[in-house]
>>> print(open('query.txt').read())   # compact mmCIF, C-alpha atoms and all ligand atoms
# COMPACT_ATOMS: atom_id res chain seq x y z
CA MET Z 263 0.47 -23.50 -0.88
CA SER Z 264 2.65 -22.65 2.18
CA ASP Z 265 0.04 -21.00 4.42
CA HIS Z 266 -2.80 -23.02 2.94
CA GLY Z 267 -1.69 -26.53 3.78
CA HIS Z 268 -1.56 -28.96 0.92
CA PRO Z 269 -4.84 -30.53 -0.15
CA PRO Z 270 -4.07 -34.22 -0.69
CA LEU Z 271 -6.80 -34.81 -3.24
CA ALA Z 272 -9.13 -32.97 -5.56
CA ASN Z 273 -12.33 -33.76 -7.36
CA MET Z 274 -11.76 -32.90 -10.99
CA ASN Z 275 -14.90 -33.12 -13.14
CA GLY Z 276 -16.30 -35.85 -10.94
CA LYS Z 277 -13.15 -37.93 -10.39
CA ILE Z 278 -11.03 -37.94 -7.26
CA VAL Z 279 -7.40 -37.40 -8.27
CA PRO Z 280 -4.16 -36.38 -6.51
CA PHE Z 281 -4.30 -32.58 -6.06
CA GLY Z 282 -1.28 -32.05 -8.33
CA ASP Z 283 -3.05 -33.80 -11.20
CA ALA Z 284 -6.06 -31.46 -11.17
CA LYS Z 285 -5.23 -29.16 -14.10
CA ILE Z 286 -7.14 -27.12 -16.66
CA SER Z 287 -6.24 -25.75 -20.09
CA ILE Z 288 -4.34 -22.45 -20.13
CA MET Z 289 -6.86 -21.28 -22.75
CA ALA Z 290 -10.02 -22.15 -20.82
CA PRO Z 291 -12.46 -19.18 -20.71
CA GLY Z 292 -12.63 -19.93 -16.97
CA LEU Z 293 -9.07 -18.64 -16.81
CA THR Z 294 -8.71 -16.16 -19.68
CA PHE Z 295 -12.09 -14.42 -19.24
CA ALA Z 296 -12.73 -15.33 -15.58
CA VAL Z 297 -15.87 -17.27 -16.52
CA LEU Z 298 -15.74 -18.95 -13.16
CA ALA Z 299 -18.06 -19.16 -10.17
CA PHE Z 300 -17.00 -20.60 -6.85
CA GLU Z 301 -17.98 -21.39 -3.30
CA GLY Z 302 -16.04 -21.55 -0.08
CA LEU Z 303 -17.47 -23.55 2.81
CA ARG Z 304 -16.18 -24.63 6.16
CA ALA Z 305 -16.60 -27.96 7.87
CA TYR Z 306 -15.98 -28.11 11.61
CA TRP Z 307 -14.51 -31.06 13.48
CA ASN Z 308 -16.62 -32.13 16.46
CA ASP Z 309 -14.48 -34.18 18.82
CA ASP Z 310 -17.35 -35.38 21.03
CA GLU Z 311 -19.21 -36.80 18.07
CA GLN Z 312 -16.07 -37.75 16.09
CA GLN Z 313 -17.69 -36.07 13.14
CA LEU Z 314 -16.90 -33.34 10.65
CA PHE Z 315 -19.90 -31.06 10.03
CA ALA Z 316 -20.14 -28.92 6.89
CA PHE Z 317 -21.99 -25.66 7.50
CA ARG Z 318 -25.04 -24.60 5.46
CA VAL Z 319 -24.29 -26.71 2.42
CA PRO Z 320 -27.65 -26.14 0.63
CA GLU Z 321 -27.26 -22.35 0.94
CA HIS Z 322 -23.81 -22.50 -0.65
CA MET Z 323 -25.07 -24.80 -3.39
CA ASP Z 324 -27.97 -22.45 -4.10
CA ARG Z 325 -25.59 -19.55 -4.43
CA LEU Z 326 -23.37 -21.52 -6.79
CA ASP Z 327 -26.45 -22.28 -8.87
CA PHE Z 328 -27.45 -18.65 -9.16
CA SER Z 329 -23.87 -17.52 -9.84
CA ASN Z 330 -23.75 -20.03 -12.69
CA ALA Z 331 -27.14 -18.87 -13.94
CA VAL Z 332 -26.12 -15.21 -14.02
CA ILE Z 333 -22.85 -15.77 -15.90
CA GLU Z 334 -24.36 -18.61 -17.97
CA ILE Z 335 -22.10 -21.53 -17.25
CA GLU Z 336 -24.20 -24.40 -18.50
CA GLY Z 337 -24.05 -28.11 -17.89
CA CYS Z 338 -22.74 -28.20 -14.32
CA PRO Z 339 -23.85 -31.10 -12.14
CA ASP Z 340 -26.88 -30.26 -10.03
CA ALA Z 341 -26.65 -29.37 -6.34
CA GLU Z 342 -27.45 -32.90 -5.21
CA LYS Z 343 -24.63 -34.45 -7.24
CA LEU Z 344 -22.14 -31.73 -6.29
CA THR Z 345 -23.04 -32.14 -2.62
CA ALA Z 346 -22.56 -35.90 -2.79
CA GLU Z 347 -19.20 -35.48 -4.54
CA MET Z 348 -18.09 -32.83 -2.09
CA LEU Z 349 -18.90 -35.06 0.88
CA GLU Z 350 -17.23 -38.03 -0.78
CA LEU Z 351 -14.04 -35.99 -1.33
CA ALA Z 352 -14.07 -34.62 2.23
CA GLU Z 353 -14.47 -38.15 3.56
CA ALA Z 354 -11.64 -39.45 1.35
CA CYS Z 355 -9.34 -36.70 2.67
CA ALA Z 356 -9.90 -38.12 6.20
CA PHE Z 357 -9.42 -34.84 8.08
CA ARG Z 358 -10.02 -34.81 11.81
CA GLN Z 359 -9.78 -31.03 12.12
CA ASP Z 360 -11.58 -27.97 10.78
CA ILE Z 361 -11.40 -27.73 7.01
CA TYR Z 362 -12.18 -25.32 4.21
CA ILE Z 363 -13.81 -26.56 1.02
CA ARG Z 364 -13.46 -24.75 -2.28
CA MET Z 365 -15.67 -25.58 -5.21
CA GLN Z 366 -15.32 -24.02 -8.66
CA THR Z 367 -17.36 -24.20 -11.83
CA TYR Z 368 -16.06 -22.70 -15.05
CA VAL Z 369 -16.09 -22.82 -18.81
CA ASP Z 370 -13.43 -25.27 -19.84
CA GLU Z 371 -11.33 -25.91 -22.98
CA TRP Z 372 -10.43 -23.26 -25.56
CA GLY Z 373 -13.55 -21.17 -26.08
CA ALA Z 374 -14.85 -17.72 -26.88
CA MET Z 375 -15.71 -15.15 -24.23
CA ALA Z 376 -19.42 -15.89 -24.59
CA ALA Z 377 -19.02 -19.68 -24.58
CA THR Z 378 -21.43 -21.26 -22.08
CA GLY Z 379 -19.72 -24.64 -21.99
CA PRO Z 380 -18.33 -27.17 -21.73
CA ALA Z 381 -18.53 -26.75 -17.98
CA GLY Z 382 -15.68 -27.95 -15.85
CA TYR Z 383 -15.64 -28.16 -12.08
CA SER Z 384 -13.34 -28.91 -9.23
CA ILE Z 385 -13.53 -29.37 -5.48
CA VAL Z 386 -10.69 -29.27 -2.95
CA CYS Z 387 -10.56 -29.54 0.84
CA ARG Z 388 -7.76 -28.32 3.02
CA ALA Z 389 -7.11 -28.07 6.74
CA ARG Z 390 -7.99 -24.62 7.97
CA GLY Z 391 -8.26 -23.56 11.57
CA ARG Z 392 -9.62 -20.33 12.91
CA VAL Z 393 -7.87 -17.21 11.59
CA ALA Z 394 -5.71 -15.33 14.10
CA ALA Z 395 -7.71 -12.19 13.33
CA PHE Z 396 -10.76 -13.75 15.02
CA HIS Z 397 -9.21 -12.97 18.40
CA GLU Z 398 -6.80 -10.19 17.46
CA GLY Z 399 -9.07 -7.99 15.38
CA ARG Z 400 -7.91 -6.01 12.37
CA HIS Z 401 -7.44 -2.43 11.16
CA PHE Z 402 -9.35 -1.24 8.11
CA GLY Z 403 -8.87 1.62 5.68
CA VAL Z 404 -11.41 3.03 3.23
CA SER Z 405 -10.41 2.20 -0.31
CA SER Z 406 -10.25 4.74 -3.11
CA TRP Z 407 -11.47 1.95 -5.41
CA ARG Z 408 -15.27 1.80 -5.69
CA ARG Z 409 -17.20 -1.47 -5.60
CA ASN Z 410 -18.14 -2.93 -8.95
CA GLU Z 411 -21.83 -2.36 -9.59
CA ASP Z 412 -24.75 -4.73 -10.04
CA ASP Z 413 -25.14 -3.52 -13.65
CA ALA Z 414 -21.45 -3.97 -14.47
CA SER Z 415 -19.96 -6.99 -12.69
CA PRO Z 416 -22.56 -8.03 -10.10
CA PRO Z 417 -21.01 -8.44 -6.63
CA ARG Z 418 -24.11 -10.36 -5.51
CA ILE Z 419 -22.71 -13.53 -7.10
CA LYS Z 420 -19.52 -15.32 -6.21
CA ALA Z 421 -17.68 -14.96 -9.50
CA SER Z 422 -13.90 -14.80 -9.68
CA ALA Z 423 -14.15 -11.72 -11.95
CA ASN Z 424 -15.36 -9.68 -8.96
CA TYR Z 425 -12.17 -10.35 -7.08
CA LEU Z 426 -10.15 -8.04 -9.30
CA ASN Z 427 -11.96 -5.19 -7.59
CA SER Z 428 -11.38 -6.80 -4.19
CA ARG Z 429 -7.73 -7.34 -4.99
CA LEU Z 430 -7.13 -3.72 -6.01
CA ALA Z 431 -8.75 -2.55 -2.78
CA GLY Z 432 -6.79 -5.09 -0.73
CA LEU Z 433 -3.47 -4.14 -2.31
CA GLU Z 434 -4.11 -0.46 -1.70
CA ALA Z 435 -5.04 -1.15 1.92
CA LYS Z 436 -1.80 -3.06 2.52
CA ARG Z 437 0.23 -0.32 0.84
CA ASN Z 438 -1.33 2.19 3.19
CA GLY Z 439 -0.54 0.11 6.26
CA TYR Z 440 -3.99 -1.36 6.88
CA ASP Z 441 -4.96 -5.00 7.18
CA ALA Z 442 -7.97 -4.72 4.88
CA ALA Z 443 -10.28 -2.34 3.07
CA VAL Z 444 -13.80 -1.06 3.28
CA ILE Z 445 -15.04 -0.59 -0.27
CA LEU Z 446 -17.64 2.09 -0.92
CA ASN Z 447 -20.15 1.75 -3.70
CA ARG Z 448 -20.77 4.32 -6.42
CA ASP Z 449 -23.27 6.11 -4.16
CA GLY Z 450 -20.57 6.54 -1.54
CA SER Z 451 -22.09 4.23 1.03
CA VAL Z 452 -20.40 1.15 2.47
CA SER Z 453 -20.58 -2.04 0.46
CA GLU Z 454 -18.25 -4.61 1.99
CA GLY Z 455 -14.62 -5.63 2.37
CA PRO Z 456 -12.54 -7.53 -0.21
CA GLY Z 457 -13.71 -10.90 1.09
CA GLY Z 458 -16.33 -10.33 3.75
CA CYS Z 459 -19.32 -8.31 4.91
CA ILE Z 460 -19.31 -5.46 7.38
CA PHE Z 461 -21.42 -4.81 10.45
CA VAL Z 462 -21.15 -1.64 12.53
CA MET Z 463 -22.89 -0.77 15.76
CA ARG Z 464 -24.61 2.54 16.43
CA GLY Z 465 -26.85 3.25 19.38
CA GLY Z 466 -26.47 -0.35 20.53
CA GLN Z 467 -27.83 -1.76 17.28
CA PHE Z 468 -25.84 -3.56 14.59
CA ILE Z 469 -26.25 -2.23 11.05
CA THR Z 470 -25.20 -4.04 7.90
CA PRO Z 471 -25.66 -2.83 4.31
CA PRO Z 472 -28.55 -4.36 2.32
CA VAL Z 473 -27.95 -6.86 -0.49
CA THR Z 474 -28.51 -4.00 -2.95
CA ALA Z 475 -25.47 -2.08 -1.64
CA GLY Z 476 -22.99 -3.98 -3.82
CA ILE Z 477 -22.31 -6.97 -1.59
CA LEU Z 478 -22.03 -10.70 -2.03
CA GLU Z 479 -25.14 -12.48 -0.74
CA SER Z 480 -23.10 -13.84 2.13
CA VAL Z 481 -24.10 -16.98 4.02
CA THR Z 482 -22.36 -15.79 7.17
CA ARG Z 483 -24.10 -12.41 7.06
CA ARG Z 484 -27.45 -14.12 6.68
CA THR Z 485 -26.63 -16.52 9.52
CA LEU Z 486 -25.70 -13.68 11.85
CA ILE Z 487 -28.89 -11.79 11.03
CA GLU Z 488 -30.83 -14.97 11.84
CA ILE Z 489 -29.07 -15.78 15.13
CA ALA Z 490 -28.29 -12.36 16.63
CA GLY Z 491 -31.68 -12.15 18.38
CA ASP Z 492 -30.85 -15.31 20.37
CA VAL Z 493 -28.23 -13.38 22.31
CA GLY Z 494 -30.29 -10.20 22.62
CA LEU Z 495 -28.72 -8.32 19.72
CA GLU Z 496 -30.58 -6.39 17.08
CA VAL Z 497 -29.43 -6.17 13.44
CA ILE Z 498 -30.91 -3.89 10.83
CA GLN Z 499 -30.12 -3.74 7.14
CA ARG Z 500 -29.67 -0.26 5.75
CA ASP Z 501 -27.11 1.82 3.90
CA ILE Z 502 -24.13 2.90 5.95
CA GLY Z 503 -22.56 6.29 5.26
CA ARG Z 504 -18.79 6.61 5.36
CA THR Z 505 -18.81 8.86 8.41
CA GLU Z 506 -20.78 6.26 10.33
CA LEU Z 507 -17.66 4.09 10.27
CA TYR Z 508 -15.96 6.71 12.43
CA LEU Z 509 -18.91 6.90 14.80
CA ALA Z 510 -19.29 3.13 15.26
CA GLU Z 511 -19.31 1.80 18.80
CA GLU Z 512 -18.29 -1.63 17.53
CA ALA Z 513 -17.65 -3.20 14.15
CA PHE Z 514 -16.74 -6.54 12.65
CA TYR Z 515 -16.01 -8.20 9.37
CA CYS Z 516 -17.51 -11.59 8.52
CA GLY Z 517 -17.40 -14.44 6.05
CA THR Z 518 -16.98 -18.19 5.93
CA GLY Z 519 -13.20 -18.11 6.15
CA GLN Z 520 -12.90 -15.15 8.51
CA GLU Z 521 -15.93 -16.07 10.64
CA LEU Z 522 -16.21 -12.84 12.70
CA VAL Z 523 -13.20 -10.54 12.80
CA PRO Z 524 -13.47 -7.55 15.15
CA ILE Z 525 -12.61 -4.26 13.44
CA LEU Z 526 -10.39 -2.21 15.74
CA SER Z 527 -10.13 0.95 13.65
CA PHE Z 528 -11.24 2.60 10.42
CA GLU Z 529 -8.66 4.95 8.88
CA ARG Z 530 -6.68 4.76 12.14
CA LYS Z 531 -9.65 6.12 14.10
CA PRO Z 532 -10.34 3.60 16.87
CA VAL Z 533 -13.70 1.86 16.88
CA GLY Z 534 -15.01 2.27 20.44
CA ASP Z 535 -12.01 1.86 22.71
CA GLY Z 536 -10.02 0.14 19.96
CA GLN Z 537 -10.62 -3.35 21.38
CA PRO Z 538 -13.05 -6.05 20.19
CA GLY Z 539 -16.46 -4.90 21.43
CA PRO Z 540 -18.58 -6.86 23.95
CA ALA Z 541 -21.49 -7.45 21.56
CA THR Z 542 -19.06 -8.60 18.86
CA LEU Z 543 -17.53 -11.08 21.31
CA LYS Z 544 -20.97 -12.31 22.34
CA LEU Z 545 -21.95 -12.87 18.71
CA GLN Z 546 -18.63 -14.61 18.00
CA ASP Z 547 -19.32 -17.02 20.86
CA HIS Z 548 -22.82 -17.76 19.66
CA TYR Z 549 -21.69 -18.22 16.06
CA ASP Z 550 -19.02 -20.65 17.27
CA ALA Z 551 -21.65 -22.63 19.19
CA VAL Z 552 -23.95 -22.71 16.16
CA VAL Z 553 -21.35 -23.81 13.60
CA ARG Z 554 -19.99 -26.46 15.97
CA GLY Z 555 -23.40 -28.01 16.50
CA ARG Z 556 -23.91 -26.97 20.14
CA VAL Z 557 -27.22 -25.20 19.48
CA ALA Z 558 -30.00 -27.73 18.91
CA ALA Z 559 -32.22 -25.27 17.02
CA TYR Z 560 -29.63 -24.97 14.24
CA ARG Z 561 -28.45 -28.55 13.91
CA HIS Z 562 -30.26 -28.72 10.59
CA TRP Z 563 -27.62 -26.33 9.20
CA LEU Z 564 -24.96 -29.02 9.62
CA THR Z 565 -24.23 -31.82 7.17
CA PRO Z 566 -22.14 -34.72 8.49
CA VAL Z 567 -19.18 -35.74 6.34
CA TYR Z 568 -18.47 -39.17 7.76
CA ALA Z 569 -21.05 -41.84 7.16
CA ASN Z 570 -20.33 -43.67 10.42
CA GLY Z 571 -20.30 -40.71 12.77
CA ASP Z 572 -17.13 -42.04 14.36
CA GLY Z 573 -14.71 -40.13 12.20
CA THR Z 574 -14.36 -42.93 9.68
N1 LIG D 601 -18.14 -10.76 0.46
C1 LIG D 601 -17.14 -11.20 -0.32
C2 LIG D 601 -16.64 -10.32 -1.40
C3 LIG D 601 -16.60 -12.48 -0.10
O1 LIG D 601 -15.61 -12.93 -0.86
C4 LIG D 601 -17.09 -13.27 0.96
C5 LIG D 601 -16.49 -14.62 1.23
N2 LIG D 601 -17.13 -15.62 0.52
C6 LIG D 601 -18.13 -12.76 1.74
C7 LIG D 601 -18.64 -11.51 1.46
C8 LIG D 601 -18.75 -13.59 2.80
O2 LIG D 601 -19.55 -14.58 2.21
P1 LIG D 601 -19.85 -15.94 2.96
O3 LIG D 601 -20.35 -15.57 4.30
O4 LIG D 601 -20.90 -16.61 2.14
O5 LIG D 601 -18.58 -16.70 3.01
>>> encode(input="query.txt", output="structure tokens", more="lines below")
Ligand code: PMP
Amino acid sequence: MSDHGHPPLANMNGKIVPFGDAKISIMAPGLTFAVLAFEGLRAYWNDDEQQLFAFRVPEHMDRLDFSNAVIEIEGCPDAEKLTAEMLELAEACAFRQDIYIRMQTYVDEWGAMAATGPAGYSIVCRARGRVAAFHEGRHFGVSSWRRNEDDASPPRIKASANYLNSRLAGLEAKRNGYDAAVILNRDGSVSEGPGGCIFVMRGGQFITPPVTAGILESVTRRTLIEIAGDVGLEVIQRDIGRTELYLAEEAFYCGTGQELVPILSFERKPVGDGQPGPATLKLQDHYDAVVRGRVAAYRHWLTPVYANGDGT
């Protein structure tokens, strides 16, 4: 757990237990066949309001629902119940800092590969501040591993099975001296990184691959597309060719955990002048304001954790 902080508690199939007691069978299909869907959300501490705000909870719950539907994990609690249990756990953990929430649904007990139940689920919360890469930026390589396809192991859903592909790409990137990978799809255009989506700028306009390019339907990506216009930035969704990475004026990587990480180089070729770009910084600032509840128009994206609004 070293760099993750130790979650004090977990919700295990609806009961709050000490984190160390949250265990599953070593023969659960969720483990042996990766029949597991998950979600990662952030909640941001707001000191002025003494409140912890979870970001875009319904969107994450919807995605968990459709991940479960695609891989046929049946009998999970509905979004309303999971949301209530998630908020109850977050409240019980009593954090007064930014946190990360991980929710998993899986096929439990000793079952066959095609077993659709019994469903098990767990929720944990841990302290998690902003990643250092947010300010520092990171260097990316292009992986020789291709993205798993929608008709093989659909990247659109957040299923643990997809992370084998991400892991192979990530390991290769590290071996080659990069911080992370860009994974191309079978057509040779950009899909995403191991754990986040990619935006590149050309001609002053941000471009991000469409949801059919072999990407997770990312909540952060969607958020950025929705809010970019507020700060005068344009985003289009279209396929990105590999060589466009080398021609990008700016680029960043995004996801719930990473937020927005400036990409400083692709394959050791600097992006722009090799520093976080001005539009990327502007969008980072706006995203920060939105997730922290400073933009009235998007307050409906925030769900308070503490019932009393005074951090208790
Ligand atoms: N792509 C992949 C493969 C991811 O693991 C993540 C992180 N969940 C993302 C994209 C970003 O998704 P989100 O913005 O919903 O966190």
>>> closest_residue(input="query.txt", among="Z:Asp535, Z:Glu321, Z:Glu311, Z:Glu488", to="Ala510 in chain Z", atoms="only C-alpha atoms")
Z:Asp535
>>> residues_near_ligand(input="query.txt", ligand="ligand LIG 601 (chain D)", cutoff="8 Å", atoms="all atoms listed in the file", output="list in words")
Glu301, Gly302, Leu303, His322, Pro417, Lys420, Asn424, Tyr425, Ser428, Glu454, Gly455, Pro456, Gly457, Gly458, Cys459, Ile477, Leu478, Glu479, Ser480, Val481, Thr482, Arg483, Arg484, Cys516, Gly517, Thr518, Gly519 and Glu521 of chain Z
>>> atom_distance(input="query.txt", atom1="CA of Ala331 in chain Z", atom2="CA of Ser422 in chain Z")
14.5 Å
>>> closest_residue(input="query.txt", among="Z:Tyr306, Z:Phe315, Z:Phe461, Z:Phe281", to="Leu564 in chain Z", atoms="all atoms listed in the file")
Z:Phe315
>>> closest_residue(input="query.txt", among="Z:Gly476, Z:Pro471, Z:Pro339, Z:Gly539", to="Asp412 in chain Z", atoms="only C-alpha atoms")
Z:Gly476
>>> residues_around(input="query.txt", residues="Gly292 in chain Z", least_positions_apart="4", cutoff="12 Å", atoms="all atoms listed in the file", output="ChimeraX atom specification")
/Z:286-288,296-300,330,333-335,366-384,421-423
>>> closest_residue(input="query.txt", among="Z:Arg418, Z:Arg504, Z:Trp563, Z:Ile525", to="Pro472 in chain Z", atoms="all atoms listed in the file")
Z:Arg418
>>> atom_distance(input="query.txt", atom1="CA of Ala395 in chain Z", atom2="CA of Asp441 in chain Z")
9.9 Å
>>> atom_distance(input="query.txt", atom1="CA of Asn427 in chain Z", atom2="CA of Asn410 in chain Z")
6.7 Å
>>> closest_residue(input="query.txt", among="Z:Val393, Z:Ala352, Z:Ile363, Z:Ile419", to="Asp327 in chain Z", atoms="all atoms listed in the file")
Z:Ile419
>>> closest_residue(input="query.txt", among="Z:Met274, Z:Ile487, Z:Ala569, Z:Leu509", to="Leu545 in chain Z", atoms="all atoms listed in the file")
Z:Ile487
>>> axis_aligned_box(input="query.txt", around="range 489-504 of chain Z", padding_each_side="8 Å", output="JSON")
{"center_x": -25.2, "center_y": -4.6, "center_z": 13.3, "size_x": 28.9, "size_y": 38.4, "size_z": 34.7}
>>> residues_near_point(input="query.txt", point="(-18.4, -11.4, 13.0)", cutoff="7 Å", atoms="all atoms listed in the file", output="JSON, numbers by chain")
{"Z": [514, 515, 516, 521, 522, 523, 524, 542, 545, 546]}
>>> residues_around(input="query.txt", residues="Gln467 in chain Z", least_positions_apart="4", cutoff="12 Å", atoms="only C-alpha atoms", output="list in words")
Phe461, Val462, Met463, Ile487, Ala490, Gly491, Gly494, Leu495, Glu496, Val497, Ile498, Gln499, Arg500, Ala510, Glu511, Glu512, Ala513, Ala541 and Thr542 of chain Z
>>> residues_around(input="query.txt", residues="Tyr560 in chain Z", least_positions_apart="3", cutoff="12 Å", atoms="only C-alpha atoms", output="list in words")
Phe317, Arg318, Thr485, Glu488, Ile489, Asp492, His548, Tyr549, Asp550, Ala551, Val552, Val553, Arg554, Gly555, Arg556, Val557, Trp563, Leu564 and Thr565 of chain Z
>>> decode(input="query.txt", residues="range 450-476 of chain Z", atoms="N, CA and C atoms", output="compact mmCIF listing (two decimals), in the first residue's frame")
# COMPACT_ATOMS: atom_id res chain seq x y z
N GLY Z 450 -3.91 1.65 -36.55
CA GLY Z 450 -2.70 2.46 -36.50
C GLY Z 450 -2.93 3.89 -36.04
N SER Z 451 -4.17 4.21 -35.65
CA SER Z 451 -4.36 5.55 -35.09
C SER Z 451 -4.34 5.49 -33.57
N VAL Z 452 -4.26 6.66 -32.96
CA VAL Z 452 -4.08 6.74 -31.51
C VAL Z 452 -5.36 6.29 -30.80
N SER Z 453 -5.20 5.43 -29.79
CA SER Z 453 -6.37 5.15 -28.96
C SER Z 453 -6.22 5.97 -27.68
N GLU Z 454 -5.44 5.49 -26.74
CA GLU Z 454 -5.29 6.21 -25.48
C GLU Z 454 -4.01 5.75 -24.81
N GLY Z 455 -3.83 6.15 -23.55
CA GLY Z 455 -2.70 5.66 -22.77
C GLY Z 455 -3.17 4.51 -21.90
N PRO Z 456 -2.28 3.94 -21.09
CA PRO Z 456 -2.65 2.79 -20.25
C PRO Z 456 -3.78 3.09 -19.27
N GLY Z 457 -3.88 4.34 -18.82
CA GLY Z 457 -4.91 4.67 -17.83
C GLY Z 457 -5.48 6.05 -18.02
N GLY Z 458 -5.50 6.54 -19.25
CA GLY Z 458 -6.03 7.88 -19.47
C GLY Z 458 -6.17 8.19 -20.95
N CYS Z 459 -6.92 9.23 -21.24
CA CYS Z 459 -7.17 9.62 -22.63
C CYS Z 459 -6.17 10.68 -23.08
N ILE Z 460 -6.07 10.84 -24.37
CA ILE Z 460 -5.05 11.73 -24.94
C ILE Z 460 -5.70 12.84 -25.76
N PHE Z 461 -5.20 14.03 -25.56
CA PHE Z 461 -5.60 15.19 -26.36
C PHE Z 461 -4.32 15.78 -26.96
N VAL Z 462 -4.36 16.13 -28.23
CA VAL Z 462 -3.23 16.83 -28.84
C VAL Z 462 -3.75 18.09 -29.51
N MET Z 463 -2.90 19.09 -29.59
CA MET Z 463 -3.32 20.32 -30.26
C MET Z 463 -2.64 20.46 -31.61
N ARG Z 464 -3.45 20.77 -32.63
CA ARG Z 464 -2.91 21.14 -33.94
C ARG Z 464 -3.68 22.34 -34.44
N GLY Z 465 -2.93 23.31 -34.95
CA GLY Z 465 -3.58 24.51 -35.48
C GLY Z 465 -4.43 25.21 -34.43
N GLY Z 466 -4.01 25.13 -33.19
CA GLY Z 466 -4.71 25.83 -32.11
C GLY Z 466 -5.97 25.14 -31.62
N GLN Z 467 -6.21 23.94 -32.13
CA GLN Z 467 -7.45 23.22 -31.77
C GLN Z 467 -7.06 21.88 -31.11
N PHE Z 468 -7.72 21.57 -30.00
CA PHE Z 468 -7.46 20.26 -29.39
C PHE Z 468 -8.20 19.17 -30.15
N ILE Z 469 -7.55 18.04 -30.30
CA ILE Z 469 -8.14 16.87 -30.96
C ILE Z 469 -8.03 15.70 -29.99
N THR Z 470 -9.10 14.94 -29.86
CA THR Z 470 -9.06 13.72 -29.07
C THR Z 470 -9.75 12.61 -29.87
N PRO Z 471 -9.24 11.38 -29.77
CA PRO Z 471 -9.85 10.30 -30.56
C PRO Z 471 -11.31 10.06 -30.15
N PRO Z 472 -12.13 9.62 -31.10
CA PRO Z 472 -13.55 9.34 -30.79
C PRO Z 472 -13.69 8.08 -29.94
N VAL Z 473 -14.87 7.88 -29.38
CA VAL Z 473 -15.08 6.71 -28.50
C VAL Z 473 -15.01 5.39 -29.28
N THR Z 474 -14.96 5.47 -30.60
CA THR Z 474 -14.83 4.25 -31.41
C THR Z 474 -13.37 3.92 -31.72
N ALA Z 475 -12.44 4.70 -31.15
CA ALA Z 475 -11.01 4.49 -31.48
C ALA Z 475 -10.34 3.48 -30.56
N GLY Z 476 -11.12 2.85 -29.67
CA GLY Z 476 -10.52 1.89 -28.74
C GLY Z 476 -10.16 2.55 -27.41
